[in-house]
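Novice: One structure is given below, represented as structure tokens, and several questions about it will come after.
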Amino acid sequence: MIGCPFEVSTIKESGGKITILARTLDTVNGKHYQLMIDDNVCVSRAESLDPVHFSNGEYSHSILELGDDGELFFAPLPYRPSQYPIVDMENIEVYYNLALNKTWAACKRGLYTYVFYQNSQTNHRLVMQKVDFKNKSVADAINEKCNKGYKYTGTKTFCSKTLAFK
């Protein structure tokens, strides 16, 4: 699993101990796997059938690497994701920019606005962010994207098991 991308939650406990909980973002041999790493040593590996809710710690998407010293570490990917929902999200307006090969979507749930995006920086993996548009509405953000060449492709559902739109 070295070189695979993971959802990662890093928990720093008192006394300096670091525990990392991680779940593969992509399937490996058709399955997702969950790891627990204590002080850079993998202490458990199991199949992960359902999405994982990481309740504590710093959240990132990272690549599992093996250092020259033989210790495992996660190298963060160059974007700032929010944790994926553990249930499907419906009625998400999706937009695509053919010239840039980018997907962008937004939806409002209660007090929060969620943006989904997919591009070369994310290795065309769908990433979600909880955002604060401050004084801008979701409609304003959609208009900005349309002015940049994005076209509406439909209303879709985010699948929490596959981490993709359906």
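Here's how to read the names in the structure tokens: chain A, B, ... by the order shown, residue numbers from 1 in each chain, ligand numbers from 1 in the order shown.
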Using only C-alpha atoms, which protein or nucleic acid residues come within 9 Å of Ala75 of chain A? Drop anything in the same chain fewer than 6 positions from it, and give the result as a PyMOL selection string.
Specialist: chain A and resi 61-65
Novice: For Ser120 of chain A, work out the shell of residues within 10 Å, counting only C-alpha atoms and skipping chain neighbours fewer than 3 positions away, then give it as a ChimeraX atom specification.
Specialist: /A:100-102,123-125
Novice: Could you work out how far atom CA of Gly149 of chain A lies from atom CA of Ala99 of chain A, giving the answer in Å with one decimal?
Specialist: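 So the two atoms, atom CA of Ala99 of chain A and atom CA of Gly149 of chain A, lie 8.0 Å apart.
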Novice: Show me, as a list in words, the residues that have an atom within 12 Å of Leu66 of chain A when counting only C-alpha atoms, minus same-chain residues fewer than 2 positions from it.
Specialist: Met1, Ile2, Gly3, Cys4, Asn40, Val41, Cys42, Ile63, Leu64, Asp68, Asp69, Gly70, Glu71, Leu72, Phe73, Phe74 and Ala75 of chain A
Novice: When you count only C-alpha atoms, which of these residues is closest to Lys130 of chain A: A:Thr103, A:Gln34, A:Gln83, A:Asn97?
Specialist: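 Distance minimum relative to Lys130 of chain A lands on A:Gln83.
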Novice: Go through segment 103-146 of chain A and collect every residue that DSSP, computed from the backbone, puts in strand (DSSP E); the answer should be as a PyMOL selection string.
Specialist: chain A and resi 103-109+112-118+127-131
Novice: What is the distance, in Å and to one decimal place, between atom CA of Ala141 of chain A and atom CA of Gln121 of chain A?
Specialist: 20.6 Å
Novice: At what distance in Å, to one decimal, does atom CA of Cys107 of chain A lie from atom CA of Gly57 of chain A?
Specialist: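 Value for the atom CA of Gly57 of chain A-atom CA of Cys107 of chain A distance: 25.4 Å.
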Novice: With only C-alpha atoms as the atoms that count, which of A:Val115, A:Ala105, A:Val52, A:Cys146 lies nearest to Phe133 of chain A?
Specialist: A:Val115
